[in-house]
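Peer 1: Take a look at this one; I'll ask things after.
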Amino acid sequence: MIPTIFALATAPGRAGVAVVRVSGPASGDALAALTGKSLPKPRMATLVRLRDPKTGEALDDALVLRFTAPRSFTGEDVVELHLHGGRAVVAGVVEALSALPGLRVAEPGEFTRRAFENGKLDLTEAEAVADLVDAETSAQRRQALRQMEGALGKLYDGWRERLTRSLAHIEADIDFPDEDLPSGVSDAARPVLDALAAEIDAHLDDRGRGERLREGLHIAIVGAPNAGKSSLLNALARREAAIVSARAGTTRDVIEVHLDLGGYPVVLADTAGLREAAADEVEEEGIRRALDRAARADVKVAVFDATALPTLDPATVALLDKDTVVVLNKTDVVDAAVPTVGGWEAVAVSARTGAGLPELERRLTAFTADRLAGSGAPALTRARHRSALEGCRDALRRALTAPLPELMAEDVRLASRALGRITGRVDVEDLLDVIFRDFCIGK
């Protein structure tokens, strides 16, 4: 028998309200045991007194909701206990549920897993639930909501339906050569497969937008020692995240802060000062890590010291490219509001006074939006999506050049399975349904 599971569905700790969810065939019995009364009507909030079934001790006055299968999040009978959020209240109810026969504490993600197993969610929608819980910016929230509503799953299911239909035509030519089928049935699949391969290529060519939006765009602050990188990080973060000192080489390791720029997530990293002669092996390692972070960053912020002009740090100049925002710092000390630095347009700022920071934030937000803003099509959000789509596309390309229809069919089948792995729907019955519908009805 399927066990009934329960767990705290809200964040742990003291709160105004805490929700304990119970899912499984014994959820109704559990509610009856806690209340000593008949079950309330489904989907109707009811105020009840909860008691420990063993001792009769009052636990809380709670608002309870009951959902009957399959009209629930998990597709099973579900009970939600909306409790007062004190630690003692939650602990008492959890302890009482633990003592009931047939109940156990849910494992992490088990409610969502049951929703998937019962056909309430596909894998992309289940992943979106986790993304929505973890969302820290409005852009992350929008992407997770869209995926949870099925935008990504519907796109891949649509592609898979086209593959299934094409495979049915190819298989019909192979398996029923003597039947009265239309001529060139399998040939009609080629333009469909070619068009689908092109669509998948375009979908993959998104510069990792969906993954970056989930994890945050990486911005590295680089520059010479004492250029004001740490002060700039603190100013952008609006808190003392990095130690600031007049002593060169204070920053030895990479220091990260997470920011919300215009609704987009950003990981801003302060790095060690770049110079040829390091003071010791520790600073040398810091410089190596700084260069490595700069190479892997989506955007670089190159900081130059206005008091050092016209001299420019050659190590920082060497990193300038189209993915760099050039910053001239300490303009409160020296009036050096020049429009360019080393031939690159610069933003004049003072990390100490805050002058120029709004313009720098505007530039960084524009860079971030350019890399993360979508075109309207749903974005793939995980490495496993990308890997499966690449496998699907490669199988389609092999199918288009296959010398035999049997080999072509096998590659189309592999392409369909690759798409099915993304959503968790790999069902050979789909092929039988299409063959029956397209070639057997009326014959």
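As shown in the structure tokens, the chain order sets the letters A, B, ...; within each chain, residues go from 1, and ligands are also counted from 1 in the order they appear.
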For stretch 357-360 of chain A, find every residue with an atom within 10 Å (counting only C-alpha atoms), except residues of its own chain fewer than 5 positions away, and show them as a PyMOL selection string.

Peer 2: chain A and resi 232+235-236+301+325-327+346-351+365-366

Peer 1: Give me every alpha helix (DSSP H) residue in stretch 87-273 of chain A, going by DSSP on the backbone, as a VMD selection string.

Peer 2: chain A and resid 87 to 98 110 to 117 123 to 134 138 to 148 151 to 175 189 to 204 209 to 215 229 to 237

Peer 1: How would the residues just chosen look if you wrote them out with C-alpha atoms as an mmCIF file, in the first residue's frame?

Peer 2:
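Contents of part-v2.cif, freshly written:
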data_model
loop_
_atom_site.group_PDB
_atom_site.id
_atom_site.type_symbol
_atom_site.label_atom_id
_atom_site.label_comp_id
_atom_site.auth_asym_id
_atom_site.auth_seq_id
_atom_site.Cartn_x
_atom_site.Cartn_y
_atom_site.Cartn_z
ATOM 1 C CA ARG A 87 7.462 26.162 16.984
ATOM 2 C CA ALA A 88 5.677 24.288 19.766
ATOM 3 C CA VAL A 89 2.429 24.125 17.782
ATOM 4 C CA VAL A 90 4.128 22.727 14.677
ATOM 5 C CA ALA A 91 6.193 20.269 16.731
ATOM 6 C CA GLY A 92 3.105 19.007 18.559
ATOM 7 C CA VAL A 93 1.135 18.397 15.364
ATOM 8 C CA VAL A 94 4.097 16.723 13.625
ATOM 9 C CA GLU A 95 4.634 14.465 16.648
ATOM 10 C CA ALA A 96 0.950 13.513 16.680
ATOM 11 C CA LEU A 97 0.996 12.672 12.964
ATOM 12 C CA SER A 98 4.175 10.612 13.391
ATOM 13 C CA GLU A 110 8.467 13.826 -2.413
ATOM 14 C CA PHE A 111 5.201 15.776 -2.797
ATOM 15 C CA THR A 112 6.360 17.073 -6.182
ATOM 16 C CA ARG A 113 7.608 13.602 -7.127
ATOM 17 C CA ARG A 114 4.167 12.150 -6.449
ATOM 18 C CA ALA A 115 2.582 14.927 -8.499
ATOM 19 C CA PHE A 116 4.833 13.889 -11.409
ATOM 20 C CA GLU A 117 4.166 10.173 -10.943
ATOM 21 C CA LEU A 123 9.490 16.983 -15.303
ATOM 22 C CA THR A 124 9.940 20.539 -16.590
ATOM 23 C CA GLU A 125 7.000 21.706 -14.474
ATOM 24 C CA ALA A 126 8.357 19.880 -11.431
ATOM 25 C CA GLU A 127 11.715 21.602 -11.925
ATOM 26 C CA ALA A 128 9.909 24.930 -12.197
ATOM 27 C CA VAL A 129 8.362 24.427 -8.750
ATOM 28 C CA ALA A 130 11.875 24.355 -7.268
ATOM 29 C CA ASP A 131 12.910 27.347 -9.372
ATOM 30 C CA LEU A 132 9.905 29.346 -8.191
ATOM 31 C CA VAL A 133 10.729 28.613 -4.554
ATOM 32 C CA ASP A 134 14.341 29.716 -5.152
ATOM 33 C CA SER A 138 11.229 39.229 -10.806
ATOM 34 C CA ALA A 139 12.818 37.835 -13.978
ATOM 35 C CA GLN A 140 13.517 34.509 -12.260
ATOM 36 C CA ARG A 141 9.948 34.436 -10.969
ATOM 37 C CA ARG A 142 8.507 35.080 -14.440
ATOM 38 C CA GLN A 143 10.623 32.347 -16.027
ATOM 39 C CA ALA A 144 9.715 29.818 -13.332
ATOM 40 C CA LEU A 145 6.007 30.630 -13.529
ATOM 41 C CA ARG A 146 5.980 30.307 -17.288
ATOM 42 C CA GLN A 147 7.725 26.949 -17.114
ATOM 43 C CA MET A 148 5.428 25.774 -14.314
ATOM 44 C CA ALA A 151 5.322 26.516 -21.723
ATOM 45 C CA LEU A 152 8.521 24.486 -22.053
ATOM 46 C CA GLY A 153 6.814 21.112 -21.760
ATOM 47 C CA LYS A 154 4.234 22.035 -24.404
ATOM 48 C CA LEU A 155 6.988 23.088 -26.811
ATOM 49 C CA TYR A 156 8.833 19.780 -26.430
ATOM 50 C CA ASP A 157 5.626 17.715 -26.482
ATOM 51 C CA GLY A 158 4.669 19.454 -29.730
ATOM 52 C CA TRP A 159 8.015 18.582 -31.267
ATOM 53 C CA ARG A 160 7.691 15.023 -30.043
ATOM 54 C CA GLU A 161 4.226 14.706 -31.556
ATOM 55 C CA ARG A 162 5.664 15.722 -34.935
ATOM 56 C CA LEU A 163 8.426 13.137 -34.552
ATOM 57 C CA THR A 164 5.949 10.461 -33.559
ATOM 58 C CA ARG A 165 3.812 11.152 -36.621
ATOM 59 C CA SER A 166 6.869 11.092 -38.902
ATOM 60 C CA LEU A 167 8.064 7.842 -37.332
ATOM 61 C CA ALA A 168 4.639 6.289 -37.813
ATOM 62 C CA HIS A 169 4.805 7.083 -41.531
ATOM 63 C CA ILE A 170 8.290 5.595 -41.849
ATOM 64 C CA GLU A 171 7.325 2.482 -39.883
ATOM 65 C CA ALA A 172 4.209 2.053 -41.990
ATOM 66 C CA ASP A 173 6.333 1.963 -45.145
ATOM 67 C CA ILE A 174 8.647 -0.612 -43.553
ATOM 68 C CA ASP A 175 6.081 -2.879 -41.912
ATOM 69 C CA ALA A 189 8.757 12.799 -43.191
ATOM 70 C CA ARG A 190 12.016 14.301 -44.494
ATOM 71 C CA PRO A 191 10.958 17.974 -44.704
ATOM 72 C CA VAL A 192 9.342 17.659 -41.266
ATOM 73 C CA LEU A 193 12.550 16.308 -39.738
ATOM 74 C CA ASP A 194 14.672 18.937 -41.491
ATOM 75 C CA ALA A 195 12.454 21.776 -40.242
ATOM 76 C CA LEU A 196 12.443 20.387 -36.715
ATOM 77 C CA ALA A 197 16.248 20.099 -36.646
ATOM 78 C CA ALA A 198 16.456 23.766 -37.645
ATOM 79 C CA GLU A 199 14.003 24.760 -34.892
ATOM 80 C CA ILE A 200 16.019 22.874 -32.284
ATOM 81 C CA ASP A 201 19.215 24.546 -33.510
ATOM 82 C CA ALA A 202 17.606 27.955 -33.069
ATOM 83 C CA HIS A 203 16.334 26.974 -29.614
ATOM 84 C CA LEU A 204 19.826 25.886 -28.548
ATOM 85 C CA ARG A 209 19.949 32.521 -21.371
ATOM 86 C CA GLY A 210 17.672 30.285 -19.317
ATOM 87 C CA GLU A 211 20.474 28.709 -17.302
ATOM 88 C CA ARG A 212 22.057 32.110 -16.664
ATOM 89 C CA LEU A 213 18.743 33.516 -15.516
ATOM 90 C CA ARG A 214 18.399 30.710 -12.974
ATOM 91 C CA GLU A 215 21.951 31.041 -11.651
ATOM 92 C CA LYS A 229 37.498 47.662 -6.768
ATOM 93 C CA SER A 230 36.448 46.629 -3.272
ATOM 94 C CA SER A 231 34.990 50.073 -2.565
ATOM 95 C CA LEU A 232 33.032 49.822 -5.798
ATOM 96 C CA LEU A 233 31.727 46.371 -4.855
ATOM 97 C CA ASN A 234 30.578 47.699 -1.476
ATOM 98 C CA ALA A 235 28.923 50.704 -3.098
ATOM 99 C CA LEU A 236 26.997 48.550 -5.582
ATOM 100 C CA ALA A 237 26.057 46.012 -2.889
#

Peer 1: Could you give me, as a short mmCIF file (atom, residue, chain, number, x, y, z; two decimals) with all heavy atoms, in the first residue's frame, the residues within 12 Å of A:Asp77, counting only C-alpha atoms and dropping anything in the same chain fewer than 3 positions from it?

Peer 2:
data_model
loop_
_atom_site.label_atom_id
_atom_site.label_comp_id
_atom_site.auth_asym_id
_atom_site.auth_seq_id
_atom_site.Cartn_x
_atom_site.Cartn_y
_atom_site.Cartn_z
N ILE A 2 0.45 2.26 -0.76
CA ILE A 2 1.20 3.51 -0.83
C ILE A 2 1.18 4.19 0.53
O ILE A 2 0.11 4.42 1.11
CB ILE A 2 0.60 4.45 -1.89
CG1 ILE A 2 0.67 3.80 -3.27
CG2 ILE A 2 1.32 5.79 -1.90
CD1 ILE A 2 -0.03 4.58 -4.35
N PRO A 3 2.35 4.54 1.09
CA PRO A 3 2.36 5.21 2.39
C PRO A 3 1.82 6.62 2.29
O PRO A 3 1.92 7.27 1.25
CB PRO A 3 3.84 5.20 2.77
CG PRO A 3 4.57 5.15 1.48
CD PRO A 3 3.71 4.32 0.56
N THR A 4 1.24 7.08 3.36
CA THR A 4 0.79 8.47 3.45
C THR A 4 1.93 9.28 4.06
O THR A 4 2.52 8.88 5.05
CB THR A 4 -0.47 8.57 4.32
OG1 THR A 4 -1.52 7.85 3.67
CG2 THR A 4 -0.90 10.02 4.51
N ILE A 5 2.24 10.40 3.43
CA ILE A 5 3.38 11.20 3.85
C ILE A 5 2.89 12.55 4.37
O ILE A 5 1.80 13.01 4.03
CB ILE A 5 4.37 11.41 2.69
CG1 ILE A 5 3.68 12.08 1.49
CG2 ILE A 5 5.00 10.08 2.28
CD1 ILE A 5 4.61 12.43 0.35
N PHE A 6 3.70 13.17 5.21
CA PHE A 6 3.38 14.50 5.71
C PHE A 6 4.67 15.28 5.93
O PHE A 6 5.74 14.70 6.12
CB PHE A 6 2.57 14.42 7.01
CG PHE A 6 3.35 13.88 8.18
CD1 PHE A 6 4.06 14.72 9.04
CD2 PHE A 6 3.39 12.50 8.41
CE1 PHE A 6 4.78 14.21 10.09
CE2 PHE A 6 4.10 11.99 9.48
CZ PHE A 6 4.80 12.84 10.32
N ARG A 21 1.30 19.65 5.31
CA ARG A 21 0.58 18.94 4.24
C ARG A 21 0.65 17.44 4.49
O ARG A 21 1.71 16.92 4.85
CB ARG A 21 1.17 19.28 2.87
CG ARG A 21 0.52 18.54 1.71
CD ARG A 21 1.20 18.88 0.40
NE ARG A 21 0.90 20.23 -0.01
CZ ARG A 21 1.67 20.94 -0.85
NH1 ARG A 21 2.79 20.42 -1.31
NH2 ARG A 21 1.32 22.17 -1.19
N VAL A 22 -0.48 16.76 4.28
CA VAL A 22 -0.56 15.31 4.39
C VAL A 22 -1.10 14.78 3.06
O VAL A 22 -2.12 15.28 2.56
CB VAL A 22 -1.49 14.87 5.54
CG1 VAL A 22 -1.44 13.36 5.73
CG2 VAL A 22 -1.14 15.60 6.83
N SER A 23 -0.42 13.80 2.46
CA SER A 23 -0.84 13.28 1.16
C SER A 23 -0.78 11.77 1.15
O SER A 23 0.23 11.17 1.55
CB SER A 23 0.06 13.84 0.05
OG SER A 23 -0.33 13.33 -1.22
N GLY A 24 -1.86 11.14 0.70
CA GLY A 24 -1.90 9.69 0.61
C GLY A 24 -3.26 9.15 1.03
O GLY A 24 -4.14 9.89 1.46
N PRO A 25 -3.44 7.85 0.92
CA PRO A 25 -4.75 7.25 1.18
C PRO A 25 -5.23 7.40 2.61
O PRO A 25 -6.44 7.34 2.87
CB PRO A 25 -4.54 5.78 0.81
CG PRO A 25 -3.06 5.56 0.86
CD PRO A 25 -2.45 6.85 0.45
N ALA A 26 -4.31 7.59 3.55
CA ALA A 26 -4.71 7.70 4.96
C ALA A 26 -4.82 9.14 5.44
O ALA A 26 -4.96 9.38 6.65
CB ALA A 26 -3.74 6.93 5.85
N SER A 27 -4.76 10.10 4.52
CA SER A 27 -4.79 11.51 4.94
C SER A 27 -6.12 11.86 5.60
O SER A 27 -6.17 12.59 6.60
CB SER A 27 -4.51 12.42 3.75
OG SER A 27 -5.47 12.23 2.73
N GLY A 28 -7.23 11.35 5.07
CA GLY A 28 -8.53 11.61 5.69
C GLY A 28 -8.63 11.00 7.07
O GLY A 28 -9.15 11.63 8.01
N ASP A 29 -8.13 9.78 7.23
CA ASP A 29 -8.14 9.14 8.55
C ASP A 29 -7.30 9.93 9.54
O ASP A 29 -7.64 10.04 10.73
CB ASP A 29 -7.60 7.71 8.45
CG ASP A 29 -8.52 6.80 7.64
OD1 ASP A 29 -9.72 7.13 7.52
OD2 ASP A 29 -8.04 5.77 7.12
N ALA A 30 -6.18 10.48 9.06
CA ALA A 30 -5.31 11.28 9.93
C ALA A 30 -6.05 12.52 10.43
O ALA A 30 -5.97 12.88 11.61
CB ALA A 30 -4.04 11.66 9.20
N LEU A 31 -6.76 13.18 9.53
CA LEU A 31 -7.52 14.37 9.92
C LEU A 31 -8.61 14.00 10.92
O LEU A 31 -8.82 14.71 11.93
CB LEU A 31 -8.12 15.04 8.69
CG LEU A 31 -8.96 16.30 8.94
CD1 LEU A 31 -8.14 17.36 9.67
CD2 LEU A 31 -9.52 16.85 7.63
N PRO A 42 -14.90 18.51 0.87
CA PRO A 42 -13.68 18.80 0.09
C PRO A 42 -13.65 20.26 -0.35
O PRO A 42 -14.67 20.86 -0.68
CB PRO A 42 -13.78 17.85 -1.11
CG PRO A 42 -14.69 16.75 -0.66
CD PRO A 42 -15.67 17.40 0.27
N ARG A 43 -12.43 20.82 -0.34
CA ARG A 43 -12.14 22.15 -0.87
C ARG A 43 -12.90 23.25 -0.11
O ARG A 43 -13.15 24.32 -0.65
CB ARG A 43 -12.44 22.23 -2.37
CG ARG A 43 -11.89 21.05 -3.16
CD ARG A 43 -12.18 21.17 -4.63
NE ARG A 43 -11.23 22.07 -5.28
CZ ARG A 43 -10.02 21.71 -5.70
NH1 ARG A 43 -9.60 20.47 -5.53
NH2 ARG A 43 -9.23 22.57 -6.28
N LEU A 65 -8.07 22.11 5.22
CA LEU A 65 -8.61 21.95 3.87
C LEU A 65 -8.39 20.51 3.44
O LEU A 65 -7.32 19.93 3.72
CB LEU A 65 -7.91 22.89 2.88
CG LEU A 65 -8.32 24.36 2.92
CD1 LEU A 65 -7.27 25.21 2.23
CD2 LEU A 65 -9.67 24.54 2.25
N ARG A 66 -9.36 19.94 2.75
CA ARG A 66 -9.26 18.57 2.28
C ARG A 66 -9.47 18.54 0.77
O ARG A 66 -10.40 19.17 0.25
CB ARG A 66 -10.31 17.70 2.97
CG ARG A 66 -10.19 16.21 2.66
CD ARG A 66 -11.08 15.39 3.60
NE ARG A 66 -12.49 15.60 3.35
CZ ARG A 66 -13.23 14.83 2.52
NH1 ARG A 66 -12.66 13.83 1.89
NH2 ARG A 66 -14.52 15.08 2.37
N PHE A 67 -8.59 17.85 0.07
CA PHE A 67 -8.68 17.71 -1.39
C PHE A 67 -8.73 16.23 -1.72
O PHE A 67 -7.90 15.45 -1.24
CB PHE A 67 -7.47 18.35 -2.08
CG PHE A 67 -7.24 19.79 -1.74
CD1 PHE A 67 -6.46 20.15 -0.65
CD2 PHE A 67 -7.82 20.80 -2.49
CE1 PHE A 67 -6.25 21.47 -0.32
CE2 PHE A 67 -7.62 22.13 -2.17
CZ PHE A 67 -6.83 22.47 -1.07
N THR A 68 -9.71 15.83 -2.51
CA THR A 68 -9.84 14.42 -2.86
C THR A 68 -9.17 14.14 -4.19
O THR A 68 -9.15 14.99 -5.09
CB THR A 68 -11.32 14.02 -2.94
OG1 THR A 68 -12.01 14.89 -3.86
CG2 THR A 68 -11.98 14.12 -1.57
N ALA A 69 -8.60 12.94 -4.32
CA ALA A 69 -7.94 12.53 -5.56
C ALA A 69 -8.98 12.47 -6.69
O ALA A 69 -10.13 12.11 -6.47
CB ALA A 69 -7.30 11.16 -5.37
N PRO A 70 -8.58 12.85 -7.92
CA PRO A 70 -7.25 13.30 -8.32
C PRO A 70 -7.11 14.83 -8.30
O PRO A 70 -6.12 15.35 -8.81
CB PRO A 70 -7.13 12.77 -9.74
CG PRO A 70 -8.54 12.89 -10.26
CD PRO A 70 -9.45 12.60 -9.09
N ARG A 71 -8.07 15.54 -7.72
CA ARG A 71 -8.07 17.01 -7.78
C ARG A 71 -7.27 17.60 -6.62
O ARG A 71 -7.81 18.24 -5.72
CB ARG A 71 -9.51 17.52 -7.78
CG ARG A 71 -10.35 17.05 -8.95
CD ARG A 71 -11.75 17.62 -8.87
NE ARG A 71 -11.75 19.09 -8.90
CZ ARG A 71 -12.77 19.84 -8.52
NH1 ARG A 71 -13.86 19.26 -8.02
NH2 ARG A 71 -12.71 21.15 -8.59
N SER A 72 -5.96 17.32 -6.66
CA SER A 72 -5.06 17.85 -5.65
C SER A 72 -3.69 18.04 -6.29
O SER A 72 -3.45 17.60 -7.42
CB SER A 72 -4.96 16.91 -4.46
OG SER A 72 -4.26 15.72 -4.81
N PHE A 73 -2.79 18.67 -5.57
CA PHE A 73 -1.44 18.91 -6.11
C PHE A 73 -0.74 17.61 -6.44
O PHE A 73 -0.11 17.48 -7.50
CB PHE A 73 -0.62 19.71 -5.09
CG PHE A 73 0.82 19.88 -5.48
CD1 PHE A 73 1.18 20.73 -6.51
CD2 PHE A 73 1.82 19.17 -4.82
CE1 PHE A 73 2.51 20.87 -6.90
CE2 PHE A 73 3.15 19.31 -5.19
CZ PHE A 73 3.49 20.16 -6.23
N THR A 74 -0.85 16.61 -5.57
CA THR A 74 -0.16 15.33 -5.80
C THR A 74 -0.99 14.34 -6.59
O THR A 74 -0.46 13.31 -7.02
CB THR A 74 0.22 14.68 -4.46
OG1 THR A 74 -0.98 14.40 -3.73
CG2 THR A 74 1.11 15.59 -3.63
N GLU A 80 -4.50 19.70 4.20
CA GLU A 80 -3.61 20.77 4.61
C GLU A 80 -4.08 21.32 5.95
O GLU A 80 -5.26 21.65 6.11
CB GLU A 80 -3.57 21.89 3.57
CG GLU A 80 -2.83 21.52 2.31
CD GLU A 80 -2.68 22.70 1.36
OE1 GLU A 80 -3.20 23.79 1.69
OE2 GLU A 80 -2.05 22.53 0.31
N PHE A 111 6.53 15.34 -2.34
CA PHE A 111 5.20 15.78 -2.80
C PHE A 111 5.22 16.06 -4.30
O PHE A 111 4.33 15.63 -5.04
CB PHE A 111 4.76 17.03 -2.03
CG PHE A 111 4.42 16.79 -0.59
CD1 PHE A 111 5.22 17.30 0.42
CD2 PHE A 111 3.30 16.06 -0.24
CE1 PHE A 111 4.91 17.08 1.75
CE2 PHE A 111 2.96 15.84 1.10
CZ PHE A 111 3.78 16.35 2.09
N ARG A 114 5.45 12.84 -6.30
CA ARG A 114 4.17 12.15 -6.45
C ARG A 114 3.28 12.87 -7.47
O ARG A 114 2.53 12.22 -8.20
CB ARG A 114 3.48 12.06 -5.09
CG ARG A 114 4.17 11.08 -4.15
CD ARG A 114 3.29 10.70 -2.97
NE ARG A 114 3.95 9.70 -2.13
CZ ARG A 114 3.35 9.04 -1.16
NH1 ARG A 114 2.07 9.26 -0.88
NH2 ARG A 114 4.01 8.16 -0.43
N ALA A 115 3.35 14.19 -7.49
CA ALA A 115 2.58 14.93 -8.50
C ALA A 115 3.02 14.52 -9.91
O ALA A 115 2.18 14.35 -10.80
CB ALA A 115 2.76 16.43 -8.29
N ASN A 118 1.86 10.88 -10.69
CA ASN A 118 0.42 10.80 -10.90
C ASN A 118 -0.07 11.65 -12.07
O ASN A 118 -1.27 11.87 -12.23
CB ASN A 118 -0.32 11.21 -9.62
CG ASN A 118 -0.13 10.20 -8.50
OD1 ASN A 118 -0.10 8.99 -8.74
ND2 ASN A 118 0.02 10.68 -7.27
#

Peer 1: Quick one: residues within 9 Å of stretch 304-318 of chain A, only C-alpha atoms counted, chain neighbours fewer than 4 positions away excluded, as a short mmCIF file (atom, residue, chain, number, x, y, z; two decimals) with N, CA, C and O atoms, in the first residue's frame?

Peer 2:
data_model
loop_
_atom_site.label_atom_id
_atom_site.label_comp_id
_atom_site.auth_asym_id
_atom_site.auth_seq_id
_atom_site.Cartn_x
_atom_site.Cartn_y
_atom_site.Cartn_z
N VAL A 222 37.60 43.93 -12.18
CA VAL A 222 39.05 43.74 -12.33
C VAL A 222 39.72 45.10 -12.37
O VAL A 222 39.10 46.12 -12.66
N GLY A 223 41.00 45.09 -12.09
CA GLY A 223 41.76 46.33 -12.11
C GLY A 223 43.03 46.20 -11.30
O GLY A 223 43.29 45.18 -10.65
N ALA A 224 43.84 47.25 -11.31
CA ALA A 224 45.10 47.26 -10.59
C ALA A 224 44.85 47.37 -9.08
O ALA A 224 43.76 47.76 -8.65
N ASN A 226 44.53 48.91 -5.51
CA ASN A 226 44.16 50.24 -5.04
C ASN A 226 43.41 51.08 -6.08
O ASN A 226 43.33 52.30 -5.95
N ALA A 227 42.84 50.43 -7.10
CA ALA A 227 42.01 51.17 -8.06
C ALA A 227 40.63 51.47 -7.48
O ALA A 227 39.89 52.29 -8.03
N GLY A 228 40.28 50.79 -6.37
CA GLY A 228 38.98 51.01 -5.73
C GLY A 228 37.96 49.95 -6.06
O GLY A 228 36.76 50.19 -5.99
N LYS A 229 38.42 48.74 -6.39
CA LYS A 229 37.50 47.66 -6.77
C LYS A 229 36.61 47.25 -5.60
O LYS A 229 35.40 47.08 -5.75
N LEU A 274 45.49 43.37 -10.19
CA LEU A 274 46.37 42.82 -11.21
C LEU A 274 47.68 43.60 -11.26
O LEU A 274 47.68 44.82 -11.42
N ARG A 275 48.76 42.89 -11.09
CA ARG A 275 50.09 43.50 -11.26
C ARG A 275 51.08 42.38 -11.56
O ARG A 275 50.86 41.22 -11.21
N GLU A 276 52.19 42.76 -12.21
CA GLU A 276 53.15 41.75 -12.65
C GLU A 276 53.93 41.15 -11.50
O GLU A 276 54.15 39.94 -11.44
N VAL A 326 33.90 49.95 -18.74
CA VAL A 326 35.10 50.63 -18.26
C VAL A 326 34.69 51.69 -17.25
O VAL A 326 33.79 52.50 -17.50
N VAL A 327 35.36 51.68 -16.09
CA VAL A 327 35.03 52.60 -15.00
C VAL A 327 36.28 53.39 -14.62
O VAL A 327 37.37 52.82 -14.45
N LEU A 328 36.13 54.71 -14.50
CA LEU A 328 37.19 55.59 -14.01
C LEU A 328 36.80 56.02 -12.61
O LEU A 328 35.85 56.77 -12.42
N ASN A 329 37.51 55.49 -11.61
CA ASN A 329 37.16 55.70 -10.21
C ASN A 329 37.99 56.83 -9.59
O ASN A 329 38.99 57.26 -10.16
N LYS A 330 37.57 57.28 -8.43
CA LYS A 330 38.22 58.34 -7.64
C LYS A 330 38.14 59.70 -8.32
O LYS A 330 39.04 60.54 -8.19
N THR A 331 37.08 59.94 -9.06
CA THR A 331 36.92 61.24 -9.72
C THR A 331 36.57 62.35 -8.72
O THR A 331 36.53 63.52 -9.11
N VAL A 333 38.56 62.86 -6.23
CA VAL A 333 39.89 63.32 -5.84
C VAL A 333 40.53 64.14 -6.95
O VAL A 333 41.16 65.17 -6.72
N VAL A 334 40.37 63.66 -8.17
CA VAL A 334 40.96 64.32 -9.34
C VAL A 334 39.85 64.59 -10.35
O VAL A 334 39.04 63.71 -10.65
N ASP A 335 39.81 65.79 -10.85
CA ASP A 335 38.81 66.14 -11.87
C ASP A 335 39.26 65.57 -13.20
O ASP A 335 39.97 66.21 -13.96
N ALA A 336 38.86 64.34 -13.44
CA ALA A 336 39.32 63.64 -14.65
C ALA A 336 38.14 62.96 -15.34
O ALA A 336 38.21 61.80 -15.71
N ALA A 337 37.08 63.69 -15.47
CA ALA A 337 35.88 63.12 -16.07
C ALA A 337 36.03 63.05 -17.59
O ALA A 337 35.35 63.74 -18.35
N VAL A 341 38.78 55.92 -21.85
CA VAL A 341 39.99 55.43 -21.18
C VAL A 341 40.61 54.37 -22.09
O VAL A 341 40.00 53.34 -22.35
N GLY A 342 41.79 54.68 -22.61
CA GLY A 342 42.44 53.74 -23.51
C GLY A 342 41.64 53.49 -24.77
O GLY A 342 41.70 52.40 -25.32
N ALA A 348 32.57 57.69 -15.35
CA ALA A 348 33.30 58.36 -14.27
C ALA A 348 32.51 58.22 -12.98
O ALA A 348 31.34 58.63 -12.91
#

Peer 1: Can you tell me how far atom CA of A:Leu319 sits from atom CA of A:Ala295, in Å to one decimal?

Peer 2: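 Those two atoms sit 8.6 Å apart.
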
Peer 1: Tell me which of A:Ile422, A:Ala15, A:Val266, A:Ile221 sits closest to A:Val254, counting only C-alpha atoms.

Peer 2: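 Closest to A:Val254, using only C-alpha atoms: A:Ile221.
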
Peer 1: How far is it from atom CA of A:Ala45 to atom CA of A:Val78, in Å with one decimal?

Peer 2: 13.2 Å

Peer 1: Give the strand (DSSP E) residues of stretch 182-424 of chain A, as assigned by DSSP on the backbone, as a ChimeraX atom specification.

Peer 2: /A:217-223,255-261,264-270,299-305,324-329,340-341,344-348

Peer 1: Would you compute the distance between atom CA of A:Lys300 and atom CA of A:Ile219? Give it in Å to one decimal.

Peer 2: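 Between atom CA of A:Lys300 and atom CA of A:Ile219 the gap works out to 5.5 Å.
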
Peer 1: Choose the residue, out of A:Leu396, A:Leu259, A:Leu83, A:Leu100, that has the smallest atom-to-atom separation from A:Val48; count only C-alpha atoms.

Peer 2: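 Checking each of A:Leu396, A:Leu259, A:Leu83, A:Leu100 against A:Val48, counting only C-alpha atoms, the winner is A:Leu83.
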
Peer 1: Taking only C-alpha atoms into account, which of A:Asp260, A:Asp122, A:Asp206, A:Glu410 comes nearest A:Gly376?

Peer 2: A:Asp206
